[in-house]
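Quick look at work_25.cif (mmCIF, C-alpha atoms and all ligand atoms):
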data_my_file
#
loop_
_atom_site.label_atom_id
_atom_site.label_comp_id
_atom_site.auth_asym_id
_atom_site.auth_seq_id
_atom_site.Cartn_x
_atom_site.Cartn_y
_atom_site.Cartn_z
CA MET Z 619 -7.24 -11.34 -17.62
CA ASN Z 620 -7.45 -11.85 -13.89
CA GLU Z 621 -3.88 -13.05 -13.73
CA ILE Z 622 -2.85 -13.50 -10.12
CA ILE Z 623 0.35 -11.59 -9.34
CA LEU Z 624 0.57 -12.10 -5.59
CA LYS Z 625 -0.71 -15.04 -3.61
CA ALA Z 626 -0.59 -15.26 0.17
CA LYS Z 627 -1.38 -18.46 2.04
CA ASP Z 628 -1.79 -18.86 5.80
CA VAL Z 629 0.36 -15.86 6.67
CA SER Z 630 0.93 -15.30 10.38
CA LYS Z 631 3.12 -12.95 12.35
CA SER Z 632 3.33 -12.73 16.13
CA PHE Z 633 4.85 -10.20 18.49
CA GLY Z 634 5.94 -10.62 22.07
CA ARG Z 635 7.77 -13.45 23.84
CA LYS Z 636 6.93 -17.10 23.24
CA GLY Z 637 4.86 -18.56 26.08
CA LYS Z 638 4.64 -15.14 27.76
CA ASP Z 639 3.00 -12.15 26.11
CA GLU Z 640 3.08 -13.53 22.56
CA PHE Z 641 0.10 -12.64 20.38
CA LEU Z 642 -0.75 -13.04 16.74
CA ALA Z 643 -0.94 -9.66 15.03
CA VAL Z 644 -1.63 -11.46 11.73
CA ASP Z 645 -3.39 -14.78 12.13
CA ASN Z 646 -3.53 -17.18 9.20
CA ILE Z 647 -4.39 -14.76 6.41
CA SER Z 648 -4.74 -15.88 2.79
CA PHE Z 649 -5.53 -13.75 -0.28
CA GLU Z 650 -4.84 -13.24 -3.95
CA LEU Z 651 -4.05 -10.01 -5.78
CA LYS Z 652 -4.85 -9.80 -9.49
CA ARG Z 653 -2.99 -7.77 -12.10
CA ALA Z 654 -4.46 -4.29 -12.61
CA LYS Z 655 -6.91 -4.83 -9.76
CA THR Z 656 -7.19 -3.41 -6.27
CA LEU Z 657 -7.46 -5.48 -3.14
CA GLY Z 658 -8.82 -3.43 -0.26
CA ILE Z 659 -7.95 -4.32 3.32
CA VAL Z 660 -10.22 -2.85 5.99
CA GLY Z 661 -10.46 -3.24 9.73
CA GLU Z 662 -10.36 -1.13 12.85
CA SER Z 663 -7.11 0.27 14.18
CA GLY Z 664 -4.88 -2.50 15.55
CA SER Z 665 -6.45 -5.24 13.43
CA GLY Z 666 -3.10 -6.12 11.82
CA LYS Z 667 -3.35 -4.35 8.47
CA SER Z 668 0.05 -2.65 8.59
CA THR Z 669 1.71 -5.77 9.94
CA LEU Z 670 0.30 -7.74 7.01
CA ALA Z 671 1.62 -5.04 4.66
CA ARG Z 672 5.08 -5.42 6.19
CA CYS Z 673 4.86 -9.20 5.76
CA ILE Z 674 4.16 -8.63 2.06
CA MET Z 675 7.26 -6.43 1.83
CA GLY Z 676 9.36 -9.22 3.33
CA LEU Z 677 10.26 -7.14 6.37
CA TYR Z 678 9.80 -9.88 9.00
CA LYS Z 679 12.13 -12.84 9.15
CA ASP Z 680 9.84 -14.73 11.53
CA ALA Z 681 6.55 -14.43 9.64
CA THR Z 682 5.14 -17.83 8.68
CA GLY Z 683 3.10 -19.09 5.75
CA GLU Z 684 3.77 -18.32 2.13
CA ILE Z 685 3.60 -15.18 0.00
CA LYS Z 686 4.30 -15.93 -3.65
CA TYR Z 687 5.37 -13.22 -6.08
CA LYS Z 688 6.42 -14.63 -9.45
CA ASP Z 689 8.62 -17.57 -8.43
CA ILE Z 690 9.68 -15.95 -5.20
CA ASP Z 691 8.40 -16.96 -1.77
CA ILE Z 692 8.78 -13.56 -0.13
CA LEU Z 693 8.88 -14.96 3.40
CA ASN Z 694 11.83 -17.19 2.51
CA ALA Z 695 13.52 -15.05 -0.10
CA ASN Z 696 17.28 -14.79 -0.46
CA LYS Z 697 19.04 -11.42 -0.78
CA LYS Z 698 18.83 -11.19 -4.53
CA GLU Z 699 15.17 -12.17 -4.56
CA LEU Z 700 14.42 -9.61 -1.86
CA LEU Z 701 15.99 -6.91 -4.01
CA ASP Z 702 13.59 -7.84 -6.81
CA VAL Z 703 10.72 -7.73 -4.32
CA ARG Z 704 11.83 -4.34 -2.99
CA ARG Z 705 11.82 -2.97 -6.53
CA ASP Z 706 8.65 -4.59 -7.83
CA ILE Z 707 6.51 -4.08 -4.74
CA GLN Z 708 6.47 -0.49 -3.57
CA MET Z 709 4.85 1.06 -0.52
CA VAL Z 710 3.06 4.34 -0.08
CA PHE Z 711 2.48 5.38 3.53
CA GLN Z 712 -0.12 7.36 5.40
CA ASP Z 713 1.95 10.32 6.39
CA PRO Z 714 3.85 11.65 3.38
CA TYR Z 715 5.72 14.09 5.56
CA SER Z 716 7.44 11.67 7.90
CA SER Z 717 8.08 9.19 5.09
CA LEU Z 718 9.95 11.74 2.94
CA ASN Z 719 13.49 12.75 3.86
CA PRO Z 720 13.18 16.48 4.76
CA ARG Z 721 16.75 17.20 3.71
CA LYS Z 722 16.40 15.84 0.20
CA LYS Z 723 15.05 17.68 -2.81
CA CYS Z 724 11.99 16.25 -4.53
CA LYS Z 725 14.06 15.12 -7.54
CA ASP Z 726 16.56 13.30 -5.32
CA ILE Z 727 13.84 11.54 -3.33
CA ILE Z 728 12.37 10.21 -6.57
CA ALA Z 729 15.80 9.36 -8.03
CA THR Z 730 16.92 7.18 -5.11
CA GLY Z 731 15.18 3.99 -6.24
CA ILE Z 732 16.11 4.54 -9.89
CA LYS Z 733 19.76 4.52 -8.84
CA ASN Z 734 19.71 1.95 -6.04
CA LEU Z 735 17.04 -0.51 -7.13
CA MET Z 736 17.24 -0.21 -10.92
CA GLY Z 737 20.99 0.36 -10.96
CA GLU Z 738 20.75 3.29 -13.36
CA ARG Z 739 24.02 5.24 -13.33
CA ASP Z 740 23.51 7.51 -16.33
CA LYS Z 741 22.63 10.92 -14.82
CA LYS Z 742 20.68 12.05 -17.86
CA LYS Z 743 18.58 8.90 -17.85
CA VAL Z 744 17.91 9.26 -14.13
CA TYR Z 745 16.88 12.88 -14.68
CA GLU Z 746 14.56 11.98 -17.53
CA LYS Z 747 12.95 9.21 -15.56
CA VAL Z 748 12.41 11.52 -12.57
CA LEU Z 749 10.89 14.18 -14.79
CA LYS Z 750 8.60 11.75 -16.58
CA THR Z 751 7.44 10.16 -13.33
CA MET Z 752 6.76 13.57 -11.79
CA GLU Z 753 4.67 14.53 -14.81
CA ILE Z 754 2.64 11.33 -14.60
CA CYS Z 755 1.97 12.11 -10.94
CA GLY Z 756 0.84 15.67 -11.59
CA LEU Z 757 4.02 17.40 -10.43
CA SER Z 758 5.79 20.02 -12.55
CA LYS Z 759 9.41 20.39 -13.56
CA SER Z 760 9.69 23.59 -11.53
CA GLN Z 761 9.03 21.57 -8.37
CA MET Z 762 12.06 19.32 -8.79
CA GLU Z 763 14.41 21.43 -6.74
CA ARG Z 764 12.04 21.90 -3.81
CA TYR Z 765 12.12 20.24 -0.41
CA PRO Z 766 9.19 18.28 1.10
CA HIS Z 767 8.18 21.11 3.46
CA GLU Z 768 7.57 23.36 0.48
CA PHE Z 769 4.72 21.14 -0.71
CA SER Z 770 1.13 20.73 0.49
CA GLY Z 771 0.00 17.40 2.01
CA GLY Z 772 -1.61 16.26 -1.24
CA GLN Z 773 1.47 17.19 -3.28
CA ARG Z 774 3.70 15.37 -0.81
CA GLN Z 775 1.62 12.26 -1.31
CA ARG Z 776 2.15 12.72 -5.05
CA ILE Z 777 5.90 12.72 -4.37
CA SER Z 778 5.54 9.47 -2.39
CA ILE Z 779 3.61 7.93 -5.25
CA ALA Z 780 6.19 9.18 -7.77
CA ARG Z 781 8.99 7.71 -5.66
CA ALA Z 782 7.18 4.37 -5.70
CA LEU Z 783 6.36 4.52 -9.39
CA ALA Z 784 9.84 5.57 -10.54
CA VAL Z 785 11.15 2.01 -10.35
CA ASP Z 786 8.39 0.57 -12.57
CA PRO Z 787 6.76 -1.56 -9.86
CA GLN Z 788 4.19 -4.29 -10.47
CA ILE Z 789 2.45 -3.80 -7.15
CA ILE Z 790 1.78 -0.82 -4.89
CA VAL Z 791 0.96 -1.42 -1.25
CA ALA Z 792 -0.72 1.76 -0.03
CA ASP Z 793 -1.15 1.83 3.75
CA GLU Z 794 -3.76 4.46 4.66
CA PRO Z 795 -2.43 6.69 1.83
CA THR Z 796 -5.21 9.23 2.10
CA SER Z 797 -5.98 9.15 5.81
CA ALA Z 798 -3.99 12.30 6.60
CA LEU Z 799 -5.57 14.33 3.79
CA ASP Z 800 -8.66 16.51 3.39
CA VAL Z 801 -11.51 14.77 1.64
CA SER Z 802 -11.20 16.75 -1.63
CA ILE Z 803 -7.47 15.97 -1.77
CA GLN Z 804 -8.13 12.32 -0.92
CA ALA Z 805 -10.26 12.13 -4.04
CA GLN Z 806 -7.44 13.53 -6.20
CA ILE Z 807 -4.98 10.97 -4.87
CA ILE Z 808 -7.42 8.11 -5.37
CA ASN Z 809 -8.15 9.25 -8.90
CA LEU Z 810 -4.40 9.41 -9.56
CA LEU Z 811 -3.90 5.85 -8.29
CA GLU Z 812 -6.76 4.62 -10.46
CA GLU Z 813 -5.38 6.37 -13.55
CA LEU Z 814 -1.95 4.89 -12.91
CA GLN Z 815 -3.47 1.47 -12.47
CA ASP Z 816 -5.29 1.73 -15.81
CA GLU Z 817 -2.20 2.96 -17.63
CA LEU Z 818 0.37 0.67 -16.07
CA GLY Z 819 -1.60 -2.41 -15.05
CA LEU Z 820 -0.58 -2.04 -11.42
CA GLY Z 821 -1.88 -4.36 -8.76
CA ILE Z 822 -2.80 -2.27 -5.73
CA ILE Z 823 -3.24 -3.31 -2.13
CA PHE Z 824 -5.17 -0.47 -0.56
CA ILE Z 825 -5.30 -0.45 3.22
CA SER Z 826 -7.72 1.82 5.02
CA HIS Z 827 -10.05 2.07 7.95
CA ASP Z 828 -12.25 4.34 5.81
CA LEU Z 829 -14.86 2.21 4.09
CA SER Z 830 -16.13 4.87 1.70
CA VAL Z 831 -12.66 5.13 0.18
CA VAL Z 832 -12.17 1.39 0.05
CA ARG Z 833 -15.55 0.81 -1.52
CA HIS Z 834 -14.74 3.19 -4.33
CA ILE Z 835 -11.34 1.80 -5.20
CA SER Z 836 -11.44 -1.94 -4.40
CA ASP Z 837 -12.25 -4.83 -6.69
CA ASP Z 838 -11.75 -7.38 -3.94
CA LEU Z 839 -11.85 -6.92 -0.20
CA LEU Z 840 -10.44 -8.40 2.99
CA VAL Z 841 -12.05 -7.52 6.29
CA MET Z 842 -9.70 -7.99 9.25
CA LYS Z 843 -10.22 -7.99 12.99
CA SER Z 844 -7.68 -8.85 15.69
CA GLY Z 845 -5.33 -10.25 13.05
CA LYS Z 846 -7.96 -12.60 11.64
CA LEU Z 847 -9.73 -12.67 8.31
CA ILE Z 848 -13.39 -11.98 9.01
CA GLU Z 849 -14.68 -11.86 5.46
CA SER Z 850 -13.27 -11.73 1.93
CA GLY Z 851 -14.53 -11.63 -1.64
CA PRO Z 852 -15.53 -9.25 -4.40
CA SER Z 853 -15.80 -5.81 -2.78
CA GLU Z 854 -19.21 -4.88 -4.11
CA GLU Z 855 -20.71 -8.17 -2.91
CA ILE Z 856 -19.45 -7.56 0.61
CA PHE Z 857 -20.71 -3.99 0.65
CA GLU Z 858 -24.11 -5.06 -0.71
CA ASN Z 859 -24.47 -8.13 1.41
CA PRO Z 860 -22.08 -8.32 4.36
CA LYS Z 861 -22.16 -11.72 6.03
CA ASP Z 862 -20.38 -11.05 9.28
CA ASP Z 863 -21.64 -8.94 12.20
CA TYR Z 864 -18.29 -7.18 12.42
CA THR Z 865 -18.44 -6.13 8.75
CA ILE Z 866 -21.98 -4.86 9.27
CA LYS Z 867 -20.81 -2.85 12.27
CA LEU Z 868 -17.94 -1.37 10.24
CA LEU Z 869 -20.31 -0.48 7.40
CA ASN Z 870 -22.68 1.25 9.80
CA SER Z 871 -19.90 3.37 11.23
CA VAL Z 872 -19.07 5.16 7.96
CA PRO Z 873 -18.39 8.81 8.83
CA GLY Z 874 -20.49 11.75 7.70
CA GLU Z 875 -18.69 13.51 4.87
CA SER Z 876 -18.94 11.50 1.71
CA LEU Z 877 -15.95 11.10 -0.51
CA ALA Z 878 -18.24 10.10 -3.35
CA GLU Z 879 -19.13 13.78 -3.90
CA TYR Z 880 -15.57 14.50 -4.88
CA LEU Z 881 -14.81 11.49 -7.05
N1 LIG Z 901 6.66 -3.88 16.35
C1 LIG Z 901 5.63 -4.28 17.11
N2 LIG Z 901 5.83 -4.81 18.33
C2 LIG Z 901 4.80 -5.23 19.09
N3 LIG Z 901 3.51 -5.13 18.72
C3 LIG Z 901 3.25 -4.60 17.52
C4 LIG Z 901 4.28 -4.13 16.65
N4 LIG Z 901 3.71 -3.64 15.52
C5 LIG Z 901 2.39 -3.79 15.68
N5 LIG Z 901 2.10 -4.36 16.86
C6 LIG Z 901 0.77 -4.70 17.37
O1 LIG Z 901 0.15 -5.55 16.42
C7 LIG Z 901 -1.23 -5.25 16.32
C8 LIG Z 901 -1.57 -4.89 14.90
O2 LIG Z 901 -0.98 -3.63 14.58
P1 LIG Z 901 -1.05 -3.00 13.13
O3 LIG Z 901 -0.66 -4.03 12.14
O4 LIG Z 901 -0.29 -1.75 13.17
O5 LIG Z 901 -2.62 -2.70 13.00
P2 LIG Z 901 -3.39 -1.72 11.99
O6 LIG Z 901 -2.45 -1.32 10.91
O7 LIG Z 901 -4.56 -2.51 11.51
O8 LIG Z 901 -3.84 -0.55 12.82
C9 LIG Z 901 -1.51 -4.13 17.31
O9 LIG Z 901 -1.96 -4.71 18.51
C10 LIG Z 901 -0.15 -3.50 17.50
O10 LIG Z 901 -0.05 -2.91 18.77
MG MG Z 902 -1.86 0.55 10.25
#

Could I get this file's structure written as structure tokens?
Ligand SMILES: Nc1ncnc2c1ncn2[C@@H]1O[C@H](COP(=O)(O)OP(=O)(O)O)[C@@H](O)[C@H]1O
Ligand SMILES: [Mg+2]
Amino acid sequence: MNEIILKAKDVSKSFGRKGKDEFLAVDNISFELKRAKTLGIVGESGSGKSTLARCIMGLYKDATGEIKYKDIDILNANKKELLDVRRDIQMVFQDPYSSLNPRKKCKDIIATGIKNLMGERDKKKVYEKVLKTMEICGLSKSQMERYPHEFSGGQRQRISIARALAVDPQIIVADEPTSALDVSIQAQIINLLEELQDELGLGIIFISHDLSVVRHISDDLLVMKSGKLIESGPSEEIFENPKDDYTIKLLNSVPGESLAEYL
């Protein structure tokens, strides 16, 4: 229990030109993600959440610090190690429409990783895996041949989740996965992620500026502002007893419609 599957230490990433307009978008962030648990990351827009997510995915060559997954230091991984990272750590994005190739059928979107990251060449096996993953994500066989525009926003996010899940990942990094959806649909997607976590033991990094969502889903929490870590710890403790003024301000700005009614 409480096995740590991802450990980040002093991660920083800057943009701009050295000595000129350089600034730290992620400034010395450390955290741990536990197996089958959810780490929430909250903070206002521009606080560095997505940049941190991209650091975790190994997408920046110039990020500093250390992010350990198994024996791999993601920030200094070689090609082969990065392939493992790309398979085992999957992302789900905010806008399922722009992150899904509009010219590909649902089944082909989901099959891509099975072929490219898992190296599965047997067409029947690919098909079966696609079908099974779609079922797990609440999509039906009859939807396989459809294109992204033929789905609703919530269903498209199910396709994104299925695409991520198809390669049997250990970790899902979900960057504002419900922010583009109606509240009732948000609840369905969150429930789906929680079910998948229970069944598969997934570690989830759940990024959002919406505290009501994060409160519901997170076991642990990071609060970020201007690239810096403002507060971290067990989620419920922070929500019950926030220590920092910024966290208190964020908590007080929770919007009107409550997600809790739908969950
Ligand atoms: N590719 C980039 N080039 C320059 N600045 C960037 C780039 N990506 C993000 N930033 C800046 O880094 C900061 C953090 O952005 P981001 O990580 O997207 O924040 P969040 O996801 O919390 O809204 C912002 O000031 C943003 O403008
Ligand atoms: Mg972002």

Around (-0.6, -6.3, 16.2), as given in the file, which residues come within 7 Å? Count all atoms listed in the file and list them as a VMD selection string. chain Z and resid 642 to 644 664 to 666 669 845

Please determine, counting all atoms listed in the file, which residue among Z:Cys673, Z:Ile659, Z:Ile732, Z:Ile866 has the shortest atom-to-atom distance to Glu746 of chain Z. Z:Ile732

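Atom CA of Gln712 of chain Z is found 11.5 Å from atom O8 of ligand LIG 901 (chain Z).
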
For Ala798 of chain Z, which residue out of Z:Lys867, Z:Arg635, Z:Arg774, Z:His767 is the nearest one, using only C-alpha atoms? Z:Arg774

Radius query 10 Å about (2.1, -10.7, 9.2), atoms used: all atoms listed in the file, as a ChimeraX atom specification: /Z:628-633,642-647,666-678,680-683,693,845

Choose the residue, out of Z:Val660, Z:Phe769, Z:Glu812, Z:Leu783, that has the smallest atom-to-atom separation from ligand MG 902 (chain Z); count all atoms listed in the file. Z:Val660

Six-sided padding of 3 Å per side, axis-aligned box over segment 724-729 of chain Z, centre and edges in Å, one decimal, as AutoDock Vina command-line options:
--center_x 14.3 --center_y 12.8 --center_z -5.7 --size_x 10.6 --size_y 12.9 --size_z 10.7

Which is closer to Leu701 of chain Z than all the others in Z:Val785, Z:Met752, Z:Leu839, Z:Ala729, using only C-alpha atoms? Z:Val785

With a distance cut-off of 10 Å and all atoms listed in the file, select the neighbouring residues of Pro714 of chain Z, excluding the residue or stretch itself and same-chain residues fewer than 6 positions from it, and output the selection as a VMD selection string. chain Z and resid 766 770 to 779 795 to 796 798 to 799

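Proximity to ligand LIG 901 (chain Z) was assessed for Z:Asp862, Z:Asp689, Z:Glu621, Z:Glu794 counting only C-alpha atoms and all ligand atoms; the smallest distance is recorded for Z:Glu794.
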
Find the distance between atom CA of Glu813 of chain Z and atom CA of Tyr765 of chain Z and write it in Å to one decimal.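 Computing the Euclidean distance for atom CA of Glu813 of chain Z and atom CA of Tyr765 of chain Z yields 25.9 Å.
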
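With all atoms listed in the file as the atoms that count, the residue of Z:Lys725, Z:His827, Z:Lys742, Z:Lys750 with the shortest distance to ligand LIG 901 (chain Z) is Z:His827.
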
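For the pair atom CA of Ile692 of chain Z and atom C7 of ligand LIG 901 (chain Z), the separation is 21.0 Å.
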
Neighbour list for Pro852 of chain Z as JSON, numbers by chain, cut-off 8 Å, only C-alpha atoms, skip fewer than 3 positions in-chain: {"Z": [837, 838, 839, 855, 856]}
